[in-house]
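**Q** Have a peek at model04.cif (mmCIF, C-alpha atoms).
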data_target
#
loop_
_atom_site.label_atom_id
_atom_site.label_comp_id
_atom_site.auth_asym_id
_atom_site.auth_seq_id
_atom_site.Cartn_x
_atom_site.Cartn_y
_atom_site.Cartn_z
CA MET A 1 26.20 72.49 245.49
CA TYR A 2 27.10 69.07 246.88
CA ARG A 3 26.77 67.10 250.10
CA ILE A 4 28.77 64.25 251.64
CA LEU A 5 26.57 61.92 253.70
CA PRO A 6 27.23 59.01 256.06
CA LEU A 7 24.81 56.61 254.40
CA LEU A 8 25.58 52.90 254.91
CA SER A 9 26.43 51.08 258.12
CA PRO A 10 29.53 48.85 258.20
CA ALA A 11 27.26 45.79 258.01
CA GLU A 12 25.53 47.18 254.92
CA VAL A 13 28.86 47.95 253.29
CA GLU A 14 29.98 44.36 253.92
CA GLU A 15 26.76 43.01 252.43
CA CYS A 16 27.22 45.10 249.28
CA ARG A 17 30.78 43.82 249.00
CA ARG A 18 29.59 40.24 249.47
CA ILE A 19 27.03 40.66 246.70
CA ALA A 20 29.63 42.19 244.40
CA ALA A 21 32.11 39.38 245.08
CA ASN A 22 29.59 36.66 244.28
CA THR A 23 27.90 37.93 241.16
CA GLN A 24 28.63 38.74 237.54
CA PHE A 25 29.71 42.12 236.20
CA VAL A 26 29.67 43.10 232.52
CA ASP A 27 31.16 45.88 230.41
CA GLY A 28 29.51 49.14 231.49
CA ARG A 29 28.94 50.05 227.85
CA ALA A 30 26.44 47.20 227.52
CA THR A 31 23.65 49.63 228.38
CA ASN A 32 25.11 52.46 226.29
CA PRO A 33 27.38 51.08 223.54
CA HIS A 34 27.89 54.48 221.91
CA ASN A 35 29.39 56.06 225.04
CA LYS A 36 33.08 56.39 224.25
CA THR A 37 33.98 57.91 227.64
CA LYS A 38 32.75 54.95 229.72
CA ASN A 39 35.21 52.21 230.63
CA ASN A 40 34.02 50.33 233.70
CA GLN A 41 32.00 47.29 234.79
CA GLN A 42 28.48 47.11 236.20
CA LEU A 43 26.39 44.51 237.98
CA HIS A 44 24.54 42.22 235.60
CA ASP A 45 22.59 39.70 237.71
CA PRO A 46 19.00 41.01 238.27
CA ALA A 47 18.48 39.25 241.62
CA ALA A 48 21.76 40.51 243.04
CA GLY A 49 21.05 43.97 241.67
CA GLN A 50 17.65 44.07 243.32
CA ALA A 51 19.05 42.92 246.67
CA SER A 52 21.81 45.52 246.76
CA ALA A 53 19.55 48.29 245.45
CA GLN A 54 16.90 47.60 248.08
CA LEU A 55 19.51 47.73 250.85
CA MET A 56 20.75 51.12 249.69
CA LEU A 57 17.28 52.55 249.08
CA GLN A 58 16.41 51.71 252.68
CA ALA A 59 19.51 53.62 253.79
CA PHE A 60 18.39 56.66 251.80
CA ALA A 61 14.92 56.42 253.32
CA ARG A 62 16.25 56.67 256.88
CA SER A 63 18.70 59.52 256.17
CA GLU A 64 17.16 62.78 257.33
CA GLU A 65 20.17 64.71 256.04
CA PHE A 66 19.66 63.26 252.56
CA ARG A 67 15.96 64.14 252.56
CA GLU A 68 16.61 67.71 253.67
CA PHE A 69 19.34 68.24 251.06
CA ALA A 70 17.80 66.50 248.05
CA PHE A 71 14.02 66.74 248.66
CA PRO A 72 13.74 63.42 246.78
CA ALA A 73 10.65 62.57 244.77
CA ARG A 74 12.11 59.44 243.13
CA ILE A 75 15.41 57.58 243.37
CA ALA A 76 16.72 55.25 240.68
CA PRO A 77 17.75 51.82 242.01
CA PRO A 78 21.46 52.16 242.92
CA LEU A 79 23.72 50.13 240.64
CA LEU A 80 26.97 48.50 241.75
CA THR A 81 29.87 49.39 239.47
CA LYS A 82 33.57 48.65 239.67
CA TYR A 83 36.77 49.87 238.10
CA GLN A 84 39.89 47.77 237.74
CA PRO A 85 43.39 48.93 236.66
CA GLY A 86 43.22 50.95 233.45
CA GLN A 87 39.50 51.66 233.72
CA TYR A 88 37.95 55.12 234.02
CA TYR A 89 34.92 57.21 233.11
CA GLY A 90 35.75 60.30 231.08
CA ALA A 91 34.30 63.77 231.63
CA HIS A 92 30.55 63.85 231.08
CA ALA A 93 27.26 65.22 232.39
CA ASP A 94 24.54 62.72 233.20
CA ALA A 95 21.52 62.32 230.93
CA ALA A 96 18.56 64.57 231.67
CA PHE A 97 16.26 61.56 232.04
CA ILE A 98 17.16 58.10 233.31
CA HIS A 99 15.04 55.36 231.76
CA LEU A 100 14.21 52.57 234.19
CA GLY A 101 11.97 50.55 231.88
CA PRO A 102 9.05 50.95 229.47
CA ASN A 103 7.16 54.19 230.22
CA ASN A 104 9.25 54.66 233.35
CA ALA A 105 11.80 57.46 233.55
CA ILE A 106 12.98 59.96 236.14
CA ARG A 107 14.49 63.39 235.70
CA SER A 108 18.07 63.42 236.95
CA ASP A 109 18.36 66.52 239.11
CA LEU A 110 21.02 65.04 241.38
CA SER A 111 23.58 62.28 240.97
CA CYS A 112 25.01 60.20 243.78
CA THR A 113 28.06 57.98 244.24
CA ILE A 114 28.19 55.62 247.23
CA PHE A 115 31.72 54.47 248.07
CA LEU A 116 32.12 50.85 249.18
CA ASN A 117 35.81 50.09 249.64
CA ASP A 118 38.67 51.73 251.47
CA PRO A 119 40.22 54.61 249.47
CA GLY A 120 43.66 53.30 250.40
CA SER A 121 42.96 49.96 248.69
CA TYR A 122 43.14 51.43 245.19
CA GLU A 123 45.31 54.01 243.48
CA GLY A 124 43.67 56.59 241.23
CA GLY A 125 39.91 56.37 240.70
CA ALA A 126 38.97 59.70 242.29
CA LEU A 127 35.63 61.24 241.41
CA ARG A 128 36.41 64.65 239.95
CA ILE A 129 33.60 67.23 239.74
CA ARG A 130 33.83 70.55 237.97
CA LEU A 131 31.92 73.23 239.87
CA GLN A 132 31.95 76.66 238.21
CA ASP A 133 35.64 77.57 237.80
CA GLY A 134 37.04 74.95 240.16
CA GLU A 135 37.47 71.20 240.42
CA LEU A 136 36.96 68.95 243.43
CA ARG A 137 38.26 65.38 243.84
CA PHE A 138 36.70 62.76 246.12
CA LYS A 139 37.73 59.33 247.41
CA LEU A 140 35.43 58.77 250.36
CA LYS A 141 35.29 56.24 253.18
CA PRO A 142 33.25 53.05 252.82
CA GLY A 143 29.57 53.83 253.36
CA GLU A 144 29.89 57.54 252.58
CA ALA A 145 27.96 59.03 249.67
CA ILE A 146 28.31 62.25 247.72
CA VAL A 147 25.27 63.92 246.17
CA TYR A 148 25.90 66.54 243.48
CA PRO A 149 24.11 68.22 240.54
CA SER A 150 23.63 65.94 237.55
CA ASP A 151 24.27 68.76 235.09
CA THR A 152 27.88 69.26 236.19
CA PHE A 153 30.81 67.80 234.29
CA HIS A 154 32.37 64.99 236.28
CA GLU A 155 34.64 62.02 235.70
CA VAL A 156 36.26 59.04 237.37
CA GLU A 157 40.02 59.18 237.04
CA LYS A 158 41.84 56.12 235.76
CA VAL A 159 42.44 53.40 238.35
CA ILE A 160 46.15 52.60 238.55
CA SER A 161 46.01 49.64 240.92
CA GLY A 162 43.49 47.82 243.10
CA GLU A 163 39.75 47.95 242.55
CA ARG A 164 37.26 50.80 242.97
CA LEU A 165 33.82 49.57 244.04
CA VAL A 166 30.94 52.04 244.22
CA ALA A 167 27.22 52.30 243.60
CA ILE A 168 25.65 55.04 241.53
CA THR A 169 22.14 56.42 241.46
CA PHE A 170 20.12 59.42 240.33
CA ILE A 171 17.52 61.49 242.15
CA GLN A 172 14.53 63.41 240.89
CA SER A 173 13.94 66.19 243.37
CA GLN A 174 10.62 67.66 244.43
CA VAL A 175 12.29 71.03 243.84
CA LYS A 176 13.71 71.12 240.32
CA ASP A 177 15.45 74.49 240.58
CA PRO A 178 18.83 74.11 242.36
CA PHE A 179 18.81 77.68 243.71
CA ARG A 180 15.46 77.14 245.38
CA ARG A 181 16.48 73.68 246.61
CA ASN A 182 19.66 75.02 248.21
CA LEU A 183 17.76 77.90 249.79
CA LEU A 184 15.28 75.48 251.36
CA PHE A 185 18.15 73.36 252.64
CA ASP A 186 19.76 76.42 254.25
CA LEU A 187 16.47 77.35 255.92
CA ASN A 188 16.09 73.79 257.22
CA GLU A 189 19.59 73.88 258.69
CA VAL A 190 18.93 77.21 260.41
CA ALA A 191 15.68 75.84 261.84
CA ALA A 192 17.42 72.67 263.06
CA LEU A 193 20.40 74.47 264.61
CA GLU A 194 18.72 77.57 266.04
CA GLY A 195 15.05 76.70 266.35
CA LEU A 196 15.17 75.72 270.01
CA LYS A 197 16.88 79.01 270.86
CA MET A 198 14.18 81.14 269.21
CA GLU A 199 10.99 82.44 270.73
CA GLN A 200 8.21 80.02 269.87
CA GLN A 201 6.28 82.62 267.89
CA ASN A 202 9.29 83.38 265.68
CA PHE A 203 10.13 79.71 265.25
CA SER A 204 6.56 79.05 264.14
CA ARG A 205 6.85 81.87 261.61
CA LEU A 206 10.07 80.34 260.27
CA GLN A 207 8.35 76.97 259.91
CA LEU A 208 5.51 78.66 258.04
CA VAL A 209 7.99 80.19 255.60
CA GLN A 210 9.62 76.78 255.08
CA SER A 211 6.29 75.08 254.43
CA ASN A 212 4.99 77.78 252.10
CA LEU A 213 8.15 77.88 249.99
CA LEU A 214 8.08 74.10 249.60
CA ARG A 215 4.35 74.22 248.84
CA TYR A 216 4.83 76.72 246.02
CA TRP A 217 8.13 75.44 244.63
CA ALA A 218 7.74 71.66 244.75
CA ASP A 219 6.40 70.03 241.60
CA LYS A 220 5.16 66.86 243.33
CA PRO A 221 4.80 65.55 246.91
#
In structure tokens, write the structure found in this file.

**A**
Amino acid sequence: MYRILPLLSPAEVEECRRIAANTQFVDGRATNPHNKTKNNQQLHDPAAGQASAQLMLQAFARSEEFREFAFPARIAPPLLTKYQPGQYYGAHADAAFIHLGPNNAIRSDLSCTIFLNDPGSYEGGALRIRLQDGELRFKLKPGEAIVYPSDTFHEVEKVISGERLVAITFIQSQVKDPFRRNLLFDLNEVAALEGLKMEQQNFSRLQLVQSNLLRYWADKP
């Protein structure tokens, strides 16, 4: 249902922090003034936003674990956001489609939060995700990302002290159905972990099953 990934290098984390420290943030409701659950700040400067987004998109592109879990077709440019004392983001599910500009939208199959500062540097601010009958809370290390279904209720708990700095993005998957996507991921893991131990003929058959399922289930390359 979710995956924690080592995404950014320490140097990339530092660069994202540098960009955040030297640019303007605005009220997060500027892009959605009717959202009463949102109380945070987001990057406003287009040049700074493009620089940080490109850095993080390159990190996604080199992450084999991300590709095998998400089967990404499109990724929205990651957006730097921060939370200061008293700020939060109430329980919500992400919009079905994320509009990136005129005639440009992606379906949000998966959501992702990339953590950029030390969890010990701020109190509160955990990402809380409701999965079926349980709840999970996350405050990850700098450079780690969590990918989870966009249709789940989630929230950012109120920050008590310090500053929470993260980036958020949304992924349209090649495989829309989460059951099928998770099944393909499990098959990929089995192939990666056990493939070299199998007889070549059986490993080739497993690869054929992987390819055929992706061929029939994926809605775009």

**Q** Quick one: everything within 12 Å of A:Ala192, counting only C-alpha atoms, minus sequence neighbours fewer than 6 positions away in the same chain. Send it as a PyMOL selection string.

**A** chain A and resi 64-65+68+185-186+198+203+206-207+210

**Q** Using the chain letters and numbers from the file, which residues does the PyMOL selection byres ((chain A and resi 96-103) around 9) grab, as a list in words?

**A**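 Selected by the PyMOL selection byres ((chain A and resi 96-103) around 9) here: Ala76, Pro77, Ala93, Asp94, Ala95, Asn104, Ala105, Ile106, Arg107, Ser108, Asp109, Ser150, Asp151 and Phe170 of chain A.
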
**Q** Using C-alpha atoms, can you write the selected residues to a file as an mmCIF file, in the coordinates of the input?

**A**
data_model
loop_
_atom_site.group_PDB
_atom_site.id
_atom_site.type_symbol
_atom_site.label_atom_id
_atom_site.label_comp_id
_atom_site.auth_asym_id
_atom_site.auth_seq_id
_atom_site.Cartn_x
_atom_site.Cartn_y
_atom_site.Cartn_z
ATOM 1 C CA ALA A 76 16.720 55.250 240.680
ATOM 2 C CA PRO A 77 17.750 51.820 242.010
ATOM 3 C CA ALA A 93 27.260 65.220 232.390
ATOM 4 C CA ASP A 94 24.540 62.720 233.200
ATOM 5 C CA ALA A 95 21.520 62.320 230.930
ATOM 6 C CA ASN A 104 9.250 54.660 233.350
ATOM 7 C CA ALA A 105 11.800 57.460 233.550
ATOM 8 C CA ILE A 106 12.980 59.960 236.140
ATOM 9 C CA ARG A 107 14.490 63.390 235.700
ATOM 10 C CA SER A 108 18.070 63.420 236.950
ATOM 11 C CA ASP A 109 18.360 66.520 239.110
ATOM 12 C CA SER A 150 23.630 65.940 237.550
ATOM 13 C CA ASP A 151 24.270 68.760 235.090
ATOM 14 C CA PHE A 170 20.120 59.420 240.330
#

**Q** Given the choices A:Ile160, A:Gln58, A:Arg3, A:Ala47, which gets closest to A:Ile75 if the distance is worked out from all atoms listed in the file?

**A** A:Gln58

**Q** Could you expand the PyMOL selection byres ((chain A and resi 21) around 12) into the explicit residues it covers here, written as a PyMOL selection string?

**A** chain A and resi 14-20+22-25+43+48+80-82+163+165

**Q** To one decimal place in Å, what is the distance between atom CA of A:Asp27 and atom CA of A:Arg137?

**A**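 Going from atom CA of A:Asp27 over to atom CA of A:Arg137, I get 24.7 Å.
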
**Q** Given the choices A:Leu208, A:Ala126, A:Leu55, A:Val147, which gets closest to A:Tyr83 if the distance is worked out from all atoms listed in the file?

**A**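 Of the candidates, the smallest distance to A:Tyr83 is held by A:Ala126.
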
**Q** For this file, the PyMOL selection byres ((chain A and resi 131) around 12) selects which residues, as a ChimeraX atom specification?

**A** /A:1-2,93,128-130,132-137,148-154

**Q** List every protein, DNA or RNA residue with an atom no more than 10 Å from (35.7, 55.6, 252.7) in the file's coordinates, counting all atoms listed in the file, and format the result as a list in words.

**A**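 Residues satisfying the cut-off, written out: Pro6, Ile114, Phe115, Leu116, Asn117, Asp118, Pro119, Gly120, Phe138, Lys139, Leu140, Lys141, Pro142, Gly143, Glu144 and Ala145 of chain A.
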
**Q** Write out, as a short mmCIF file (atom, residue, chain, number, x, y, z; two decimals), keeping the file's coordinate frame, the residues just selected, with C-alpha atoms.

**A**
data_model
loop_
_atom_site.label_atom_id
_atom_site.label_comp_id
_atom_site.auth_asym_id
_atom_site.auth_seq_id
_atom_site.Cartn_x
_atom_site.Cartn_y
_atom_site.Cartn_z
CA PRO A 6 27.23 59.01 256.06
CA ILE A 114 28.19 55.62 247.23
CA PHE A 115 31.72 54.47 248.07
CA LEU A 116 32.12 50.85 249.18
CA ASN A 117 35.81 50.09 249.64
CA ASP A 118 38.67 51.73 251.47
CA PRO A 119 40.22 54.61 249.47
CA GLY A 120 43.66 53.30 250.40
CA PHE A 138 36.70 62.76 246.12
CA LYS A 139 37.73 59.33 247.41
CA LEU A 140 35.43 58.77 250.36
CA LYS A 141 35.29 56.24 253.18
CA PRO A 142 33.25 53.05 252.82
CA GLY A 143 29.57 53.83 253.36
CA GLU A 144 29.89 57.54 252.58
CA ALA A 145 27.96 59.03 249.67
#

**Q** Fewer than 4 positions away in the same chain doesn't count, so skip those; otherwise give me all residues within 9 Å of A:Gly162, counting all atoms listed in the file, as a list in words.

**A**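 Surrounding residues, per the criterion: Tyr83, Gln84, Pro85, Ser121, Tyr122, Glu123 and Gly124 of chain A.
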
**Q** Counting only C-alpha atoms, figure out which residue out of A:Ile168, A:Ala91, A:Ala218, A:Val13 gets nearest to A:Arg181.

**A**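 Answer, going by the shortest atom-to-atom distance: A:Ala218.
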
**Q** Please compute the atom CA of A:Arg215-atom CA of A:Ile146 distance, one decimal, in Å.

**A**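 Value for the atom CA of A:Arg215-atom CA of A:Ile146 distance: 26.8 Å.
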
**Q** Give me, please, the distance in Å between atom CA of A:Ala167 and atom CA of A:Asn32, quoted to one decimal.

**A** 17.4 Å

**Q** Specify the axis-aligned box that encloses all atoms of stretch 143-155 of chain A listed in the file after padding of 5 Å on each side, stating its centre and edge lengths in Å to one decimal as JSON.

**A**
{"center_x": 29.1, "center_y": 61.5, "center_z": 243.8, "size_x": 21.0, "size_y": 25.4, "size_z": 29.1}

**Q** May I have the residues within 8 Å of A:Ala59 as a CSV table (one decimal) with C-alpha atoms, in the coordinates of the input, using only C-alpha atoms and disregarding those fewer than 4 positions away in the same chain?

**A**
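Writing done, so here's part-v9.csv:
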chain,number,residue,atom,x,y,z
A,7,LEU,CA,24.8,56.6,254.4
A,8,LEU,CA,25.6,52.9,254.9
A,55,LEU,CA,19.5,47.7,250.8
A,63,SER,CA,18.7,59.5,256.2

**Q** Check the smallest atom-to-atom distance from each of A:Leu110, A:Ala51, A:Leu196, A:Ala30 to A:Ser173 using all atoms listed in the file, then report the winner.

**A**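 Comparing A:Leu110, A:Ala51, A:Leu196, A:Ala30 against A:Ser173, the winner is A:Leu110.
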
**Q** Go through A:Ala61, A:Pro46, A:Val156, A:Thr113 and flag the residue nearest A:Tyr88, using all atoms listed in the file for the distances.

**A**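 Using all atoms listed in the file, A:Tyr88 sits closest to A:Val156.
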
**Q** Using only C-alpha atoms, which residue out of A:Ile171, A:Leu5, A:Ala53, A:Tyr89 lies closest to A:Asn35?

**A**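 Nearest candidate to A:Asn35 out of A:Ile171, A:Leu5, A:Ala53, A:Tyr89: A:Tyr89.
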